[in-house]
Structure formats: C-alpha cells, structure tokens
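Undergrad: The following file, input_29.cif, comprises mmCIF, C-alpha atoms:
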```cif
data_model
loop_
_atom_site.label_atom_id
_atom_site.label_comp_id
_atom_site.auth_asym_id
_atom_site.auth_seq_id
_atom_site.Cartn_x
_atom_site.Cartn_y
_atom_site.Cartn_z
CA MET A 217 11.90 81.81 93.52
CA LEU A 218 11.29 84.59 96.00
CA GLY A 219 8.98 82.28 98.01
CA LYS A 220 11.63 79.63 98.36
CA LEU A 221 14.13 82.25 99.53
CA LEU A 222 11.72 83.53 102.18
CA ASP A 223 10.98 79.98 103.36
CA ARG A 224 14.58 79.73 104.54
CA PHE A 225 13.95 82.54 107.07
CA ARG A 226 10.55 81.38 108.36
CA GLU A 227 10.43 79.96 111.87
CA LYS A 228 10.87 76.28 112.08
CA GLY A 229 9.83 73.87 114.76
CA PRO A 230 12.18 72.71 117.48
CA SER A 231 15.15 70.64 116.26
CA ARG A 232 15.32 67.04 117.16
CA PRO A 233 17.90 66.15 119.81
CA ARG A 234 21.31 64.98 118.50
CA SER A 235 22.14 61.32 118.80
CA LYS A 236 25.03 60.16 120.96
CA ALA A 237 27.02 59.27 117.83
CA GLU A 238 26.55 62.74 116.35
CA THR A 239 27.61 64.38 119.61
CA GLU A 240 30.76 62.25 119.73
CA LYS A 241 31.52 63.08 116.11
CA ARG A 242 31.22 66.82 116.74
CA ARG A 243 33.45 66.53 119.81
CA ARG A 244 36.19 64.76 117.84
CA LEU A 245 35.93 67.39 115.10
CA LEU A 246 36.33 70.16 117.65
CA ILE A 247 39.44 68.50 119.12
CA VAL A 248 40.97 68.15 115.66
CA LEU A 249 40.29 71.82 114.93
CA LEU A 250 41.92 72.88 118.20
CA ILE A 251 45.01 70.77 117.42
CA VAL A 252 45.28 72.33 113.94
CA VAL A 253 45.00 75.84 115.38
CA ALA A 254 47.68 75.06 117.98
CA VAL A 255 50.05 73.65 115.36
CA VAL A 256 49.54 76.58 113.01
CA SER A 257 50.13 79.04 115.86
CA SER A 258 53.34 77.30 116.95
CA VAL A 259 54.66 77.21 113.38
CA SER A 260 53.89 80.92 113.02
CA ILE A 261 55.73 81.69 116.25
CA VAL A 262 58.76 79.61 115.24
CA GLY A 263 58.73 81.12 111.74
CA TYR A 264 58.60 84.63 113.12
CA GLY A 265 61.38 83.81 115.57
CA TYR A 266 63.56 82.50 112.74
CA TYR A 267 62.85 85.60 110.65
CA ASP A 268 63.51 87.89 113.60
CA THR A 269 66.86 86.32 114.47
CA SER A 270 68.18 84.98 111.17
CA VAL A 271 66.60 86.95 108.32
CA ARG A 272 65.69 90.46 109.45
CA PRO A 273 69.16 91.33 110.85
CA TRP A 274 70.74 90.99 107.38
CA ASN A 275 68.59 93.90 106.23
CA GLU A 276 69.32 96.14 109.22
CA ARG A 277 70.77 99.56 108.41
CA ILE A 278 74.38 100.10 109.36
CA LEU A 279 75.24 103.35 107.56
CA LYS A 280 73.48 106.06 105.62
CA VAL A 281 75.80 108.19 103.50
CA ASN A 282 74.07 111.14 101.85
CA GLY A 283 70.92 109.09 101.36
CA THR A 284 72.60 105.83 100.32
CA VAL A 285 71.98 103.04 102.83
CA LEU A 286 74.54 100.32 103.53
CA ASP A 287 73.02 97.29 105.22
CA MET A 288 74.16 94.53 107.52
CA ARG A 289 74.98 92.17 104.66
CA ALA A 290 77.58 94.53 103.22
CA PHE A 291 78.96 95.13 106.72
CA VAL A 292 79.35 91.42 107.53
CA TYR A 293 80.95 90.71 104.15
CA ALA A 294 83.39 93.58 104.74
CA LEU A 295 84.23 92.18 108.18
CA ARG A 296 84.89 88.75 106.69
CA LEU A 297 87.11 90.26 104.01
CA GLN A 298 89.15 92.23 106.55
CA GLN A 299 89.21 89.69 109.36
CA SER A 300 93.02 89.38 109.26
CA TYR A 301 93.35 93.06 110.25
CA SER A 302 91.41 92.66 113.50
CA GLN A 303 94.62 91.74 115.34
CA TYR A 304 95.86 95.31 114.97
CA TYR A 305 92.99 96.75 117.02
CA SER A 306 92.57 96.77 120.78
CA SER A 307 89.13 95.17 120.56
CA GLN A 308 86.77 93.51 118.11
CA ALA A 309 84.34 96.40 118.49
CA GLU A 310 87.01 98.96 117.58
CA TRP A 311 87.98 96.89 114.55
CA ALA A 312 84.34 96.62 113.42
CA GLN A 313 83.86 100.38 113.73
CA GLY A 314 87.01 100.84 111.64
CA VAL A 315 85.56 98.60 108.94
CA ALA A 316 82.35 100.65 109.01
CA SER A 317 84.41 103.84 108.58
CA GLY A 318 86.07 102.25 105.56
CA LEU A 319 82.68 101.52 104.01
CA GLU A 320 81.69 105.13 104.64
CA GLN A 321 84.84 106.45 102.98
CA ASN A 322 84.41 104.17 99.97
CA GLU A 323 80.86 105.40 99.47
CA LEU A 324 81.89 109.05 99.81
CA THR A 325 84.61 108.50 97.22
CA ARG A 326 82.21 106.84 94.80
CA GLN A 327 79.69 109.65 95.22
CA TYR A 328 82.32 112.36 94.72
CA LEU A 329 83.66 110.76 91.54
CA GLU A 330 80.13 110.71 90.15
CA SER A 331 79.06 114.19 91.28
CA GLU A 332 82.32 116.07 90.64
CA PHE A 333 83.55 114.37 87.49
CA GLY A 334 80.41 112.64 86.20
CA ILE A 335 82.08 109.24 86.16
CA THR A 336 80.42 105.98 87.20
CA ILE A 337 82.31 102.71 87.21
CA GLY A 338 80.19 100.22 85.26
CA ASP A 339 79.70 96.50 85.81
CA GLY A 340 81.74 95.68 82.71
CA ALA A 341 84.80 97.49 84.04
CA ILE A 342 84.44 95.80 87.43
CA GLU A 343 84.14 92.32 85.91
CA ALA A 344 87.11 92.95 83.61
CA GLU A 345 89.27 94.15 86.50
CA LEU A 346 88.33 91.13 88.63
CA ARG A 347 89.29 88.81 85.78
CA ASP A 348 92.61 90.64 85.27
CA GLN A 349 93.46 90.36 88.96
CA LEU A 350 92.42 86.71 89.15
CA THR A 351 94.44 85.86 86.05
CA GLU A 352 97.52 87.59 87.45
CA ASN A 353 97.05 85.76 90.76
CA PHE A 354 96.50 82.38 89.11
CA VAL A 355 99.65 82.81 87.00
CA SER A 356 101.80 84.00 89.92
CA GLN A 357 100.73 80.96 91.97
CA GLY A 358 101.37 78.57 89.10
CA ILE A 359 97.70 77.57 88.87
CA ILE A 360 97.54 78.44 85.17
CA SER A 361 100.19 79.23 82.58
CA ASP A 362 100.90 82.65 81.06
CA ASN A 363 99.14 81.75 77.84
CA ALA A 364 96.42 79.61 79.42
CA ALA A 365 93.43 78.59 77.35
CA GLU A 366 89.99 79.82 78.32
CA SER A 367 89.06 76.37 79.63
CA GLU A 368 92.08 76.42 81.95
CA TYR A 369 91.09 79.81 83.32
CA LYS A 370 87.46 78.74 83.80
CA LYS A 371 88.51 75.74 85.89
CA ALA A 372 90.72 77.90 88.11
CA TYR A 373 87.94 80.47 88.37
CA LYS A 374 85.43 77.79 89.38
CA ASP A 375 87.76 76.57 92.16
CA TRP A 376 88.30 80.15 93.32
CA ARG A 377 84.58 80.87 93.43
CA SER A 378 83.99 77.70 95.44
CA ALA A 379 86.64 78.78 97.96
CA VAL A 380 85.04 82.22 98.18
CA HIS A 381 81.65 80.68 99.01
CA LYS A 382 83.21 78.43 101.65
CA ASN A 383 84.53 81.55 103.34
CA GLY A 384 81.06 83.04 103.57
CA LEU A 385 81.51 85.47 100.70
CA SER A 386 80.32 85.79 97.13
CA GLU A 387 81.75 86.97 93.85
CA LYS A 388 79.40 89.96 94.01
CA SER A 389 80.71 90.94 97.43
CA ILE A 390 84.28 90.82 96.12
CA GLU A 391 83.30 93.04 93.20
CA GLU A 392 81.44 95.58 95.34
CA LEU A 393 83.73 95.71 98.37
CA VAL A 394 87.17 95.17 96.81
CA ILE A 395 87.25 95.78 93.06
CA LEU A 396 84.88 98.75 92.86
CA PRO A 397 86.64 100.80 95.61
CA GLN A 398 89.99 100.13 93.91
CA LEU A 399 88.73 101.35 90.54
CA VAL A 400 87.04 104.38 92.07
CA GLN A 401 90.20 105.37 93.93
CA GLU A 402 92.39 104.93 90.85
CA GLU A 403 90.00 106.90 88.65
CA LEU A 404 89.60 109.66 91.22
CA GLN A 405 93.37 110.02 91.62
CA LYS A 406 93.68 110.19 87.83
CA GLN A 407 91.03 112.89 87.61
CA ILE A 408 92.58 114.92 90.44
CA GLY A 409 96.00 114.54 88.82
CA ASP A 410 94.77 115.65 85.40
CA ARG A 411 93.01 118.62 86.98
CA ASP A 412 95.64 119.80 89.47
CA TYR A 413 98.92 118.41 88.10
CA PRO A 414 98.63 117.86 84.32
CA SER A 415 101.60 115.92 82.98
CA THR A 416 102.35 118.62 80.39
CA GLY A 417 102.09 121.54 82.83
CA ASN A 418 104.95 123.54 84.32
CA PHE A 419 105.36 123.88 88.08
CA ASP A 420 107.69 125.70 90.46
CA HIS A 421 111.00 123.93 91.08
CA ALA A 422 114.13 124.89 92.97
CA GLN A 423 117.69 123.63 92.95
CA VAL A 424 119.01 123.76 96.48
CA GLN A 425 121.64 122.60 98.90
CA ALA A 426 119.80 121.53 102.03
CA LEU A 427 120.50 119.82 105.35
CA LEU A 428 117.80 118.52 107.68
CA VAL A 429 119.50 118.44 111.07
CA THR A 430 118.36 116.85 114.33
CA GLY A 431 118.53 119.37 117.19
CA ALA A 432 118.71 123.16 117.22
CA ASP A 433 122.23 123.30 118.69
CA GLU A 434 123.63 120.85 116.13
CA ALA A 435 121.95 122.84 113.34
CA ALA A 436 123.55 126.06 114.58
CA LEU A 437 127.03 124.42 114.68
CA LEU A 438 126.68 123.01 111.17
CA ARG A 439 125.49 126.38 109.85
CA ALA A 440 128.58 128.04 111.28
CA ARG A 441 130.85 125.46 109.64
CA TRP A 442 129.01 125.87 106.33
CA GLU A 443 129.23 129.65 106.44
CA ALA A 444 132.95 129.35 107.25
CA GLY A 445 133.46 127.57 103.94
CA GLU A 446 133.33 123.86 104.79
CA ALA A 447 132.22 121.76 101.82
CA PHE A 448 128.57 120.82 101.59
CA ASP A 449 129.60 117.28 100.64
CA THR A 450 131.29 116.92 104.03
CA LEU A 451 128.49 118.46 106.04
CA ILE A 452 125.82 116.21 104.56
CA LEU A 453 127.65 113.15 105.94
CA GLU A 454 127.37 114.28 109.57
CA LYS A 455 125.40 111.92 111.84
CA ALA A 456 122.94 114.64 112.81
CA VAL A 457 121.89 115.11 109.18
CA SER A 458 118.88 113.12 107.96
CA THR A 459 119.93 110.26 105.71
CA SER A 460 116.94 111.00 103.48
CA LEU A 461 118.80 114.09 102.25
CA ARG A 462 121.90 112.20 101.20
CA ASP A 463 120.23 110.88 98.05
CA PHE A 464 120.33 114.45 96.77
CA ALA A 465 124.15 114.47 96.75
CA ALA A 466 125.18 111.97 94.08
CA ASP A 467 128.85 111.35 93.16
CA ASN A 468 129.98 114.03 95.64
CA ALA A 469 128.21 116.68 93.56
CA THR A 470 127.46 119.87 95.45
CA MET A 471 124.30 120.49 93.46
CA VAL A 472 121.13 118.65 94.33
CA GLN A 473 118.33 117.52 92.07
CA TRP A 474 115.48 119.84 91.19
CA VAL A 475 112.86 119.80 93.95
CA ALA A 476 109.23 120.54 93.06
CA LYS A 477 107.18 122.80 95.29
CA GLY A 478 105.06 120.68 97.60
CA ILE A 479 107.41 117.69 97.74
CA LYS A 480 109.07 118.78 100.97
CA SER A 481 107.48 120.41 104.01
CA THR A 482 105.69 123.74 104.28
CA ALA A 483 108.65 125.25 106.16
CA PHE A 484 110.99 124.13 103.36
CA ASP A 485 108.80 125.65 100.64
CA GLU A 486 108.25 128.94 102.45
CA PHE A 487 111.98 129.65 102.44
CA VAL A 488 113.00 128.04 99.13
CA PHE A 489 110.42 129.82 97.01
CA SER A 490 110.81 133.27 98.53
CA ALA A 491 114.43 133.70 99.67
CA ALA A 492 117.17 135.40 97.68
CA LEU A 493 119.44 133.07 95.71
CA ASP A 494 122.66 131.89 97.39
CA MET A 495 121.50 133.12 100.81
CA LEU A 496 122.19 130.59 103.60
CA SER A 497 119.20 130.26 105.90
CA ASP A 498 119.23 130.30 109.67
CA PRO A 499 118.04 127.02 111.21
CA ILE A 500 114.37 126.63 110.20
CA GLN A 501 112.24 124.36 112.36
CA ASP A 502 110.63 121.78 110.13
CA THR A 503 106.84 121.58 110.07
CA ASP A 504 106.77 117.83 109.36
CA SER A 505 109.47 116.53 111.71
CA THR A 506 109.54 117.64 115.36
CA GLY A 507 113.02 118.54 116.59
CA SER A 508 114.49 118.82 113.09
CA TYR A 509 115.82 122.00 111.48
CA TRP A 510 116.53 122.95 107.88
CA LEU A 511 119.68 124.64 106.64
CA ILE A 512 119.07 125.72 103.04
CA ARG A 513 120.86 127.56 100.25
CA VAL A 514 118.83 128.16 97.08
CA VAL A 515 120.91 127.87 93.93
CA ALA A 516 118.28 128.35 91.22
CA ARG A 517 114.52 128.44 90.60
CA GLU A 518 112.72 127.46 87.45
CA SER A 519 109.30 126.41 86.15
CA ARG A 520 109.53 122.83 84.91
CA THR A 521 107.43 119.76 84.15
CA LEU A 522 107.08 117.32 87.01
CA SER A 523 109.00 114.07 87.12
CA ASP A 524 106.83 110.95 87.23
CA SER A 525 107.75 110.28 90.86
CA ASP A 526 107.11 113.89 91.96
CA ARG A 527 103.78 113.96 90.14
CA GLU A 528 102.75 110.70 91.79
CA THR A 529 103.69 112.11 95.21
CA LEU A 530 101.80 115.37 94.68
CA VAL A 531 98.70 113.63 93.36
CA GLY A 532 98.78 111.26 96.31
CA GLU A 533 98.98 114.19 98.74
CA ALA A 534 96.15 116.00 96.96
CA TYR A 535 94.04 112.84 97.20
CA SER A 536 94.80 112.51 100.93
CA GLU A 537 93.85 116.14 101.51
CA TRP A 538 90.63 115.55 99.60
CA LEU A 539 89.81 112.56 101.79
CA GLU A 540 90.14 114.69 104.92
CA GLU A 541 88.01 117.43 103.41
CA ILE A 542 85.28 115.19 102.03
CA SER A 543 85.00 113.31 105.33
CA ASP A 544 84.00 116.48 107.17
CA PRO A 545 80.69 115.62 108.91
CA GLU A 546 79.40 119.15 108.34
CA LYS A 547 79.57 118.62 104.58
CA ASN A 548 77.74 115.31 104.56
CA ASP A 549 74.58 113.68 105.87
CA ILE A 550 76.04 110.59 107.51
CA VAL A 551 74.28 108.34 110.00
CA ASN A 552 76.17 105.53 111.71
CA TYR A 553 73.49 103.29 113.16
CA LEU A 554 76.10 101.45 115.21
CA ASP A 555 76.25 104.58 117.36
CA LYS A 556 72.49 104.80 117.74
CA LYS A 557 70.10 102.97 120.09
CA GLY A 558 70.44 99.25 119.46
CA GLY A 559 73.77 99.76 117.72
CA THR A 560 75.71 97.58 120.16
CA ALA A 561 73.33 94.68 119.50
CA LYS A 562 73.79 95.13 115.75
CA LEU A 563 77.56 95.21 116.12
CA ASN A 564 77.62 92.07 118.28
CA TRP A 565 75.32 90.25 115.83
CA ALA A 566 77.60 91.20 112.94
CA LEU A 567 80.71 90.01 114.77
CA ALA A 568 78.99 86.70 115.49
CA GLN A 569 78.58 86.18 111.71
CA VAL A 570 82.24 86.75 110.84
CA ALA A 571 83.48 83.20 111.37
CA VAL A 572 81.81 80.77 108.98
#
```
Taking this structure as input, can you express it in the form of structure tokens?

TA:
Amino acid sequence: MLGKLLDRFREKGPSRPRSKAETEKRRRLLIVLLIVVAVVSSVSIVGYGYYDTSVRPWNERILKVNGTVLDMRAFVYALRLQQSYSQYYSSQAEWAQGVASGLEQNELTRQYLESEFGITIGDGAIEAELRDQLTENFVSQGIISDNAAESEYKKAYKDWRSAVHKNGLSEKSIEELVILPQLVQEELQKQIGDRDYPSTGNFDHAQVQALLVTGADEAALLRARWEAGEAFDTLILEKAVSTSLRDFAADNATMVQWVAKGIKSTAFDEFVFSAALDMLSDPIQDTDSTGSYWLIRVVARESRTLSDSDRETLVGEAYSEWLEEISDPEKNDIVNYLDKKGGTAKLNWALAQVAV
C-alpha cells in the first residue's frame, strides 16, 4: 500500500502533447467557467444592492430610550398612522421629528409604569382592548349589529385587517403604536390618581366669591364698587369679567361652588388658602392669564372629598407635570439617531416610505 502511494510522487516522463480537440474542449470549459463567475458576481452585487437599499434601512436605529432601541420599521409605521397630522407642521421633516418625539414619550411612559408601579401591559389586555375598540367602531358605523354573532364580527374584522394591510400597516403595528400607548397612559393616570388623589381622601377646598377681570384699571374700579356694597351678582356680569367665572354664580346666588386647591391658578390658591375670611383682596395678577386680575373674597374653607370632575382635572395636571419631569434629558439616556450623522438620510428614507 505504501509503495503505491509513493509511486504517485515519483517523477514521470514528459506528458504527451494535447490533441487539438482536447485543447478546444479545455478552452470552451474555461469560457463557461468565466461566464458562471461573472453571473454569480453580478447577482451578488444586485443582491447586496437590494439589501442595502430595501432591507437594511428597515432595521436602522431611530431612537434609543434608556437602552431600548426603536427601529425604522416602528418609525415608518408611526408616520403612516399619523400622516393626517402632517398638515399642521411647517415641513415634513418637522412633522417626522414630532412623530419620533411621540415614540420617545410613549416608551418613557411604558418604562415608568413598569419601574415605578411594577405594571406591564400584557398581550391579552392589548388584544382585548383592540377588539373592544373595533367592535364599538363597527357598531357605530353600522357594519355589525349591537348583538352581532361571532361570525359577523370575524367578517368585519377580516375586512378591517385587509384595509390595514393595504395602507402599509399591520395589526401588530396598531397594537404596539396605538393600543399599547393608550392602555399605558390610562393605567399610569389611574396609578397617579390613586397615589396622589385617592377618591376617599380629603383635600383643601374653599368657598369664595371671585372675579377674574381683564385689565388692572378695570379690576381696580370693580373692587371699589364691590367694597362700596354693590352686589356680587351684578359685578360678575360686567364685560371685563371672564365668562368662565359666571358658572360659579347659579340662580343669582352670591355663594359659589366649593373650589378644590389646585383647580385654579397658583395666584388664586396663594390668596384663597392663606387669607383671612371675608377679606376682599386687592387686584391679584393671575399667573395663568396675562393681563387678568383676581378679585377674591373667601367665605369658608373646609377639607372635603374631591368631585369627580375636580379629581379628573387634578390627576390630568399631575400626569402632565410628570410628563415634563420624566422627559428631562438629564434623567434619561436618550439618543435620537435622526440628529446624528446620517440622520437626514434616514429621515428622508422614512418619509419616502409613508405613502404606499
């Protein structure tokens, strides 16, 4: 065996010259090989070009919010969903950046709900909410009846899903970019409300007579008339007085409804919850309305439960304040890749994908 192996490496005599037919055969084989290599190379180049222009961009990073990356696909879907709002912006680029900011805020809200309250919105809740909203929409449009059978709903749902796909979206994108943010916001407001304004808790209230007057001179004149004994019911009907205050004076009653602390402006609260009872204030410049001045007489103060409307207002304000606080760049690790090198190209590519 070893001898046969060594024989393969022993010197051999000169090879016989190739025939003309063999030479021609080898030449044709070489040409075929060159053609195959050229075709394979061109296909590779075309394939890479397609990937580079039509596949890779969908996976580009658009935002990173405290370690969570939002890619181009989510951005384009969000743009498609909010396309009708683009008319309210001065440019398409400004609108697109606004959509990106919305994605950032939604992610911050989701993260806060999870980290602060330990609550994660599950897939089951998202799917149930989507079904509830679709059912309500189908009924309101007369597509299905109030007591529709499951088969009737499924047909309407199938038509809806087909329309969604035709608009370059998917059911999953609706769930992630519409339903989930809604549920997170609702749950977060509920948690903030239960924490800061429990429905069974007591909060500072005041019963006041108050005028919000346009102009310092007009406020001074009305104060003088009030102090001289003119009826509050007459003063509140003056043109300079804000009409929003007139809903406090029902049936010509001189007493207003109970006002919870935090419902009106800071300037209002600072006087109402510190001044002596029955003392008529000097004109107080309002902190929420430029050029407007308060005239206030505090009738009574008491700790009371909040009305449903006042609680809703206070929770909404607390949520808005939270949004401002949580969006502070110093408190988060946020990267907007649209503002980085190559960001303009990403933005333009995304805008080109909006219309489908």

Undergrad: Quick one: apply the PyMOL selection byres ((chain A and resi 400) around 8) to the file and drop the selected residues here as a PyMOL selection string.

TA: chain A and resi 325-326+329+337+396-399+401-404

Undergrad: Between A:Phe489, A:Asn282, A:Gln349, A:Val394, which residue has the minimum interatomic distance to A:Glu546, considering only C-alpha atoms?

TA: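 With only C-alpha atoms as the atom set, the closest residue is A:Asn282.
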
Undergrad: Using Å and a single decimal, report how far atom CA of A:Thr482 sits from atom CA of A:Ser523.

TA: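 Distance reported for this atom pair: 20.0 Å.
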
Undergrad: Exactly which residues make up the result of the PyMOL selection byres ((chain A and resi 496) around 7) on this file, given as a list in words?

TA: Asp494, Met495, Ser497, Asp498, Ile512 and Arg513 of chain A

Undergrad: Closest to A:Gly409 among A:Trp442, A:Trp274, A:Trp311, A:Tyr535, using all atoms listed in the file?

TA: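 So, comparing all the options, the nearest one is A:Tyr535.
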
Undergrad: Restricting the calculation to only C-alpha atoms: of A:Ala309, A:Ala422, A:Ala561, A:Ala372, which residue gets closest to A:Asp485?

TA: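 For A:Asp485, the nearest of the candidates is A:Ala422.
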
Undergrad: Can you complete the atoms of stretch 472-483 of chain A to N, CA and C atoms and list them as a compact mmCIF listing (two decimals), keeping the file's coordinate frame?

TA:
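Once everything was written out, this is part38.txt:
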```txt
# COMPACT_ATOMS: atom_id res chain seq x y z
N VAL A 472 122.14 119.67 94.12
CA VAL A 472 121.13 118.65 94.33
C VAL A 472 120.19 118.62 93.14
N GLN A 473 119.32 117.62 93.13
CA GLN A 473 118.33 117.52 92.07
C GLN A 473 117.31 118.65 92.21
N TRP A 474 116.56 118.86 91.13
CA TRP A 474 115.48 119.84 91.19
C TRP A 474 114.37 119.31 92.11
N VAL A 475 113.90 120.17 92.99
CA VAL A 475 112.86 119.80 93.95
C VAL A 475 111.60 120.59 93.60
N ALA A 476 110.50 119.88 93.39
CA ALA A 476 109.23 120.54 93.06
C ALA A 476 108.59 121.11 94.32
N LYS A 477 107.90 122.21 94.16
CA LYS A 477 107.18 122.80 95.29
C LYS A 477 106.09 121.83 95.74
N GLY A 478 106.05 121.59 97.05
CA GLY A 478 105.06 120.68 97.60
C GLY A 478 105.61 119.31 97.93
N ILE A 479 106.82 118.99 97.46
CA ILE A 479 107.41 117.69 97.74
C ILE A 479 107.95 117.63 99.17
N LYS A 480 108.57 118.71 99.60
CA LYS A 480 109.07 118.78 100.97
C LYS A 480 108.02 119.45 101.86
N SER A 481 108.43 119.86 103.04
CA SER A 481 107.48 120.41 104.01
C SER A 481 107.13 121.86 103.71
N THR A 482 106.12 122.34 104.43
CA THR A 482 105.69 123.74 104.28
C THR A 482 106.82 124.69 104.65
N ALA A 483 107.54 124.40 105.73
CA ALA A 483 108.65 125.25 106.16
C ALA A 483 109.73 125.31 105.08
```
